[in-house]
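The structure file target-v9.tsv is reproduced below (TSV, C-alpha atoms (C1' of nucleotides)).
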chain	number	residue	atom	x	y	z
R	1	MET	CA	0.00	0.00	0.00
R	2	ALA	CA	1.02	3.55	-0.50
R	3	SER	CA	1.60	4.38	3.13
R	4	PRO	CA	1.15	2.89	6.62
R	5	VAL	CA	-1.01	5.84	7.56
R	6	PHE	CA	-3.50	4.76	4.96
R	7	ALA	CA	-3.71	1.36	6.63
R	8	GLU	CA	-4.31	3.07	9.95
R	9	VAL	CA	-7.12	5.08	8.51
R	10	TRP	CA	-8.67	1.99	7.01
R	11	LYS	CA	-8.43	0.05	10.24
R	12	LEU	CA	-9.90	2.97	12.09
R	13	VAL	CA	-12.77	3.32	9.67
R	14	ARG	CA	-13.42	-0.39	9.92
R	15	THR	CA	-13.73	0.07	13.66
R	16	ILE	CA	-16.60	2.50	13.40
R	17	PRO	CA	-19.64	0.71	14.79
R	18	ARG	CA	-22.75	0.31	12.74
R	19	GLY	CA	-25.15	3.20	13.10
R	20	ARG	CA	-22.34	5.50	14.21
R	21	VAL	CA	-20.39	8.14	12.30
R	22	ALA	CA	-17.04	9.91	12.43
R	23	THR	CA	-15.79	13.10	10.84
R	24	TYR	CA	-12.74	13.50	8.64
R	25	GLY	CA	-11.14	15.89	11.07
R	26	GLN	CA	-11.86	13.52	13.90
R	27	LEU	CA	-10.13	10.62	12.17
R	28	SER	CA	-7.31	12.96	11.28
R	29	GLN	CA	-6.75	13.68	14.94
R	30	MET	CA	-7.16	10.03	15.90
R	31	ILE	CA	-4.15	9.09	13.80
R	32	GLY	CA	-2.12	11.81	15.41
R	33	ARG	CA	-2.72	14.41	12.77
R	34	ARG	CA	-0.33	12.57	10.47
R	35	LEU	CA	-2.89	13.02	7.77
R	36	THR	CA	-5.04	16.05	7.18
R	37	PRO	CA	-8.79	15.71	6.75
R	38	VAL	CA	-8.21	15.86	3.03
R	39	GLY	CA	-5.69	13.06	3.39
R	40	ILE	CA	-8.33	11.02	5.18
R	41	GLY	CA	-10.54	11.47	2.19
R	42	TRP	CA	-7.77	10.26	-0.07
R	43	ALA	CA	-7.10	7.22	2.07
R	44	ILE	CA	-10.73	6.21	2.19
R	45	ARG	CA	-11.24	6.87	-1.46
R	46	ALA	CA	-8.25	4.69	-2.34
R	47	SER	CA	-9.63	1.80	-0.33
R	48	GLU	CA	-12.19	-0.89	-0.98
R	49	GLY	CA	-14.75	-2.66	1.13
R	50	LEU	CA	-14.70	-0.06	3.86
R	51	PRO	CA	-17.70	1.47	5.62
R	52	TRP	CA	-16.73	4.79	4.10
R	53	HIS	CA	-20.32	5.95	4.38
R	54	ARG	CA	-19.81	6.33	8.13
R	55	VAL	CA	-17.33	9.12	7.52
R	56	ILE	CA	-18.84	12.56	7.13
R	57	ASN	CA	-17.68	16.15	7.37
R	58	ALA	CA	-17.48	18.27	10.52
R	59	ARG	CA	-20.96	19.62	9.96
R	60	GLY	CA	-22.43	16.16	9.93
R	61	GLY	CA	-23.14	16.44	6.24
R	62	ILE	CA	-22.39	14.31	3.22
R	63	SER	CA	-19.33	15.23	1.20
R	64	THR	CA	-19.50	12.42	-1.32
R	65	ASP	CA	-22.65	13.46	-3.03
R	66	ASN	CA	-20.70	14.26	-6.15
R	67	ASP	CA	-19.35	10.73	-6.44
R	68	HIS	CA	-22.35	8.87	-5.13
R	69	PRO	CA	-25.46	11.03	-5.12
R	70	GLY	CA	-27.68	10.08	-2.22
R	71	LEU	CA	-25.87	6.83	-1.61
R	72	GLN	CA	-24.08	7.67	1.61
R	73	ARG	CA	-27.20	9.05	3.19
R	74	ALA	CA	-29.19	6.00	2.15
R	75	LEU	CA	-26.59	3.66	3.64
R	76	LEU	CA	-26.54	5.58	6.90
R	77	GLU	CA	-30.29	5.71	7.15
R	78	ALA	CA	-30.29	1.96	6.57
R	79	GLU	CA	-28.20	1.72	9.74
R	80	GLY	CA	-30.62	3.82	11.70
R	81	VAL	CA	-28.88	7.16	11.40
R	82	ARG	CA	-31.36	9.97	11.13
R	83	PHE	CA	-30.89	13.16	9.13
R	84	ASP	CA	-32.45	16.49	9.91
R	85	ARG	CA	-34.16	18.68	7.36
R	86	ASP	CA	-30.79	20.14	6.39
R	87	GLY	CA	-29.51	16.70	5.55
R	88	LEU	CA	-27.18	16.77	8.52
R	89	VAL	CA	-26.50	14.12	11.13
R	90	ASP	CA	-26.70	15.04	14.79
R	91	LEU	CA	-23.05	14.53	15.72
R	92	GLU	CA	-23.86	14.87	19.41
R	93	THR	CA	-25.89	11.72	19.03
R	94	TYR	CA	-24.13	9.64	16.41
R	95	ARG	CA	-20.51	10.74	16.66
R	96	TRP	CA	-18.22	7.78	17.24
R	97	LYS	CA	-15.97	8.47	20.20
R	98	GLY	CA	-13.25	6.07	19.10
R	99	PRO	CA	-12.22	2.46	19.87
R	100	ARG	CA	-11.99	3.23	23.57
R	101	GLY	CA	-15.08	5.37	23.68
R	102	ALA	CA	-17.14	2.20	23.54
R	103	THR	CA	-16.41	1.71	27.23
R	104	ARG	CA	-19.15	4.12	28.04
R	105	GLY	CA	-22.74	3.13	27.61
R	106	ALA	CA	-24.60	4.84	24.84
Q	107	DT	C1'	10.62	19.01	-10.64
Q	108	DG	C1'	6.97	22.26	-9.51
Q	109	DG	C1'	2.36	23.86	-9.11
Q	110	DT	C1'	-2.57	22.89	-8.40
Q	111	DT	C1'	-6.48	20.37	-6.44
Q	112	DG	C1'	-9.02	17.84	-3.12
Q	113	DA	C1'	-14.61	12.76	0.11
Q	114	DC	C1'	-11.83	19.00	5.03
Q	115	DG	C1'	-11.22	22.22	9.17
Q	116	DA	C1'	-10.47	26.24	11.79
Q	117	DC	C1'	-9.96	31.12	12.08
Q	118	DA	C1'	-10.35	35.85	10.35
Q	119	DT	C1'	-13.05	39.33	8.01
S	120	DC	C1'	-24.34	34.44	9.72
S	121	DA	C1'	-21.76	34.06	4.97
S	122	DT	C1'	-17.47	34.33	2.50
S	123	DG	C1'	-12.51	34.19	2.13
S	124	DT	C1'	-7.82	32.42	3.25
S	125	DC	C1'	-4.35	29.32	5.04
S	126	DG	C1'	-2.92	24.85	6.53
S	127	DC	C1'	-2.30	20.25	5.90
S	128	DC	C1'	-0.63	15.50	3.12
S	129	DA	C1'	-0.92	12.97	-1.01
S	130	DA	C1'	-2.08	12.53	-5.92
S	131	DC	C1'	-2.28	14.37	-10.60
S	132	DC	C1'	-0.75	17.06	-14.61
This structure in structure tokens:
Amino acid sequence: MASPVFAEVWKLVRTIPRGRVATYGQLSQMIGRRLTPVGIGWAIRASEGLPWHRVINARGGISTDNDHPGLQRALLEAEGVRFDRDGLVDLETYRWKGPRGATRGA
DNA sequence: TGGTTGACGACAT
DNA sequence: CATGTCGCCAACC
């Protein structure tokens, strides 16, 4: 693979529980800021078979609508993630806290 | 080899 | 509150 950081991103994305979401900036910080949010996008885009639909922007909105119109939202809704009228996810509710954040009850 | 763009984010205006 | 600019890492031309 191109870079170990990519693998980290992939592993991290794979760790996101079903019905939960993470932001690009969040993942960027999780890997120690070794990759910028844009880099996260690159890593995910260059991967296959990942739950990429669980990765959204800092506003809780979809940033992949250009590549897959409506797909990401549909996939998330299929997992029980609700969108408001602005098409945004309530990060306070669905934001994934990380691999160790699971220690706390929902 | 160098410059620009991008599945983004935060701050300044 | 909306728009503009810079930062960041990797890919593309």
What are the closest atom pairs, with distances in Å to one decimal, for each residue of chain S lying within 8 Å of chain R, using all atoms listed in the file, rows by chain and rising residue number, as JSON lines?
{"residue": "S:DC127", "atom": "C1'", "partner": "R:Thr36", "partner_atom": "CA", "distance": 5.2}
{"residue": "S:DC128", "atom": "C1'", "partner": "R:Gly39", "partner_atom": "CA", "distance": 5.6}
{"residue": "S:DA129", "atom": "C1'", "partner": "R:Gly39", "partner_atom": "CA", "distance": 6.5}
Just the number, please: distance in Å from CA of Pro51 in chain R to CA of Arg85 in chain R, one decimal.
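Interatomic distance, CA of Pro51 in chain R to CA of Arg85 in chain R: 23.9 Å.
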Taking all atoms listed in the file into account, find every residue of chain Q that has an atom no more than 10 Å from chain R, and write it out as JSON, numbers by chain.
{"Q": [112, 113, 114, 115]}
Fewer than 3 positions away in the same chain doesn't count, so skip those; otherwise give me all residues within 9 Å of Arg18 in chain R, counting all atoms listed in the file, as a ChimeraX atom specification.
/R:21,51,54,76,79-80
Neighbours of Glu92 in chain R within 12 Å (all atoms listed in the file; same-chain residues fewer than 2 positions away dropped), as a VMD selection string?
chain R and resid 20 to 23 58 to 60 88 to 90 94 to 97 106
When you draw a straight line from C1' of DG109 in chain Q to CA of Ala7 in chain R, how long is it in Å?
28.1 Å
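Put simply, CA of Pro17 in chain R is 16.7 Å away from CA of Ala74 in chain R.
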Spatial neighbours of DC132 in chain S, max dist 12 Å, only C-alpha atoms (C1' of nucleotides), sep filter under 3 positions, as an MDAnalysis selection string:
chainID Q and resid 108:111
Please supply range 40-58 of chain R, rebuilt with N, CA, C and O atoms, as a PDB file, keeping the file's coordinate frame.
ATOM      1  N   ILE R  40      -7.397  12.068   4.779  1.00  0.00           N
ATOM      2  CA  ILE R  40      -8.330  11.020   5.180  1.00  0.00           C
ATOM      3  C   ILE R  40      -9.220  10.665   4.009  1.00  0.00           C
ATOM      4  O   ILE R  40      -9.446   9.497   3.713  1.00  0.00           O
ATOM      5  N   GLY R  41      -9.691  11.692   3.352  1.00  0.00           N
ATOM      6  CA  GLY R  41     -10.540  11.470   2.190  1.00  0.00           C
ATOM      7  C   GLY R  41      -9.816  10.664   1.131  1.00  0.00           C
ATOM      8  O   GLY R  41     -10.362   9.728   0.567  1.00  0.00           O
ATOM      9  N   TRP R  42      -8.577  10.986   0.900  1.00  0.00           N
ATOM     10  CA  TRP R  42      -7.770  10.260  -0.070  1.00  0.00           C
ATOM     11  C   TRP R  42      -7.629   8.807   0.322  1.00  0.00           C
ATOM     12  O   TRP R  42      -7.758   7.904  -0.501  1.00  0.00           O
ATOM     13  N   ALA R  43      -7.324   8.581   1.575  1.00  0.00           N
ATOM     14  CA  ALA R  43      -7.100   7.220   2.070  1.00  0.00           C
ATOM     15  C   ALA R  43      -8.358   6.381   1.895  1.00  0.00           C
ATOM     16  O   ALA R  43      -8.302   5.247   1.415  1.00  0.00           O
ATOM     17  N   ILE R  44      -9.472   6.947   2.275  1.00  0.00           N
ATOM     18  CA  ILE R  44     -10.730   6.210   2.190  1.00  0.00           C
ATOM     19  C   ILE R  44     -11.104   5.966   0.737  1.00  0.00           C
ATOM     20  O   ILE R  44     -11.541   4.889   0.366  1.00  0.00           O
ATOM     21  N   ARG R  45     -10.888   6.968  -0.059  1.00  0.00           N
ATOM     22  CA  ARG R  45     -11.240   6.870  -1.460  1.00  0.00           C
ATOM     23  C   ARG R  45     -10.417   5.788  -2.158  1.00  0.00           C
ATOM     24  O   ARG R  45     -10.888   5.109  -3.059  1.00  0.00           O
ATOM     25  N   ALA R  46      -9.162   5.640  -1.714  1.00  0.00           N
ATOM     26  CA  ALA R  46      -8.250   4.690  -2.340  1.00  0.00           C
ATOM     27  C   ALA R  46      -8.453   3.279  -1.798  1.00  0.00           C
ATOM     28  O   ALA R  46      -7.734   2.367  -2.156  1.00  0.00           O
ATOM     29  N   SER R  47      -9.421   3.107  -0.938  1.00  0.00           N
ATOM     30  CA  SER R  47      -9.630   1.800  -0.330  1.00  0.00           C
ATOM     31  C   SER R  47     -10.867   1.115  -0.908  1.00  0.00           C
ATOM     32  O   SER R  47     -11.628   1.709  -1.649  1.00  0.00           O
ATOM     33  N   GLU R  48     -11.022  -0.138  -0.509  1.00  0.00           N
ATOM     34  CA  GLU R  48     -12.190  -0.890  -0.980  1.00  0.00           C
ATOM     35  C   GLU R  48     -12.791  -1.685   0.173  1.00  0.00           C
ATOM     36  O   GLU R  48     -12.097  -2.136   1.064  1.00  0.00           O
ATOM     37  N   GLY R  49     -14.081  -1.834   0.127  1.00  0.00           N
ATOM     38  CA  GLY R  49     -14.750  -2.660   1.130  1.00  0.00           C
ATOM     39  C   GLY R  49     -14.786  -2.042   2.502  1.00  0.00           C
ATOM     40  O   GLY R  49     -14.933  -2.736   3.502  1.00  0.00           O
ATOM     41  N   LEU R  50     -14.625  -0.717   2.559  1.00  0.00           N
ATOM     42  CA  LEU R  50     -14.700  -0.060   3.860  1.00  0.00           C
ATOM     43  C   LEU R  50     -16.058   0.624   4.055  1.00  0.00           C
ATOM     44  O   LEU R  50     -16.679   1.052   3.100  1.00  0.00           O
ATOM     45  N   PRO R  51     -16.469   0.739   5.306  1.00  0.00           N
ATOM     46  CA  PRO R  51     -17.700   1.470   5.620  1.00  0.00           C
ATOM     47  C   PRO R  51     -17.476   2.970   5.485  1.00  0.00           C
ATOM     48  O   PRO R  51     -17.693   3.721   6.426  1.00  0.00           O
ATOM     49  N   TRP R  52     -17.078   3.387   4.339  1.00  0.00           N
ATOM     50  CA  TRP R  52     -16.730   4.790   4.100  1.00  0.00           C
ATOM     51  C   TRP R  52     -17.935   5.711   4.337  1.00  0.00           C
ATOM     52  O   TRP R  52     -17.780   6.894   4.591  1.00  0.00           O
ATOM     53  N   HIS R  53     -19.114   5.136   4.242  1.00  0.00           N
ATOM     54  CA  HIS R  53     -20.320   5.950   4.380  1.00  0.00           C
ATOM     55  C   HIS R  53     -20.492   6.448   5.809  1.00  0.00           C
ATOM     56  O   HIS R  53     -21.302   7.318   6.064  1.00  0.00           O
ATOM     57  N   ARG R  54     -19.705   5.885   6.741  1.00  0.00           N
ATOM     58  CA  ARG R  54     -19.810   6.330   8.130  1.00  0.00           C
ATOM     59  C   ARG R  54     -18.886   7.505   8.398  1.00  0.00           C
ATOM     60  O   ARG R  54     -18.767   7.963   9.527  1.00  0.00           O
ATOM     61  N   VAL R  55     -18.225   7.968   7.382  1.00  0.00           N
ATOM     62  CA  VAL R  55     -17.330   9.120   7.520  1.00  0.00           C
ATOM     63  C   VAL R  55     -17.964  10.337   6.849  1.00  0.00           C
ATOM     64  O   VAL R  55     -18.220  10.325   5.648  1.00  0.00           O
ATOM     65  N   ILE R  56     -18.203  11.344   7.651  1.00  0.00           N
ATOM     66  CA  ILE R  56     -18.840  12.560   7.130  1.00  0.00           C
ATOM     67  C   ILE R  56     -18.037  13.793   7.520  1.00  0.00           C
ATOM     68  O   ILE R  56     -17.063  13.683   8.258  1.00  0.00           O
ATOM     69  N   ASN R  57     -18.437  14.936   7.060  1.00  0.00           N
ATOM     70  CA  ASN R  57     -17.680  16.150   7.370  1.00  0.00           C
ATOM     71  C   ASN R  57     -18.054  16.698   8.748  1.00  0.00           C
ATOM     72  O   ASN R  57     -18.959  16.208   9.402  1.00  0.00           O
ATOM     73  N   ALA R  58     -17.352  17.744   9.157  1.00  0.00           N
ATOM     74  CA  ALA R  58     -17.480  18.270  10.520  1.00  0.00           C
ATOM     75  C   ALA R  58     -18.873  18.813  10.795  1.00  0.00           C
ATOM     76  O   ALA R  58     -19.263  18.961  11.945  1.00  0.00           O
TER      77      ALA R  58
END
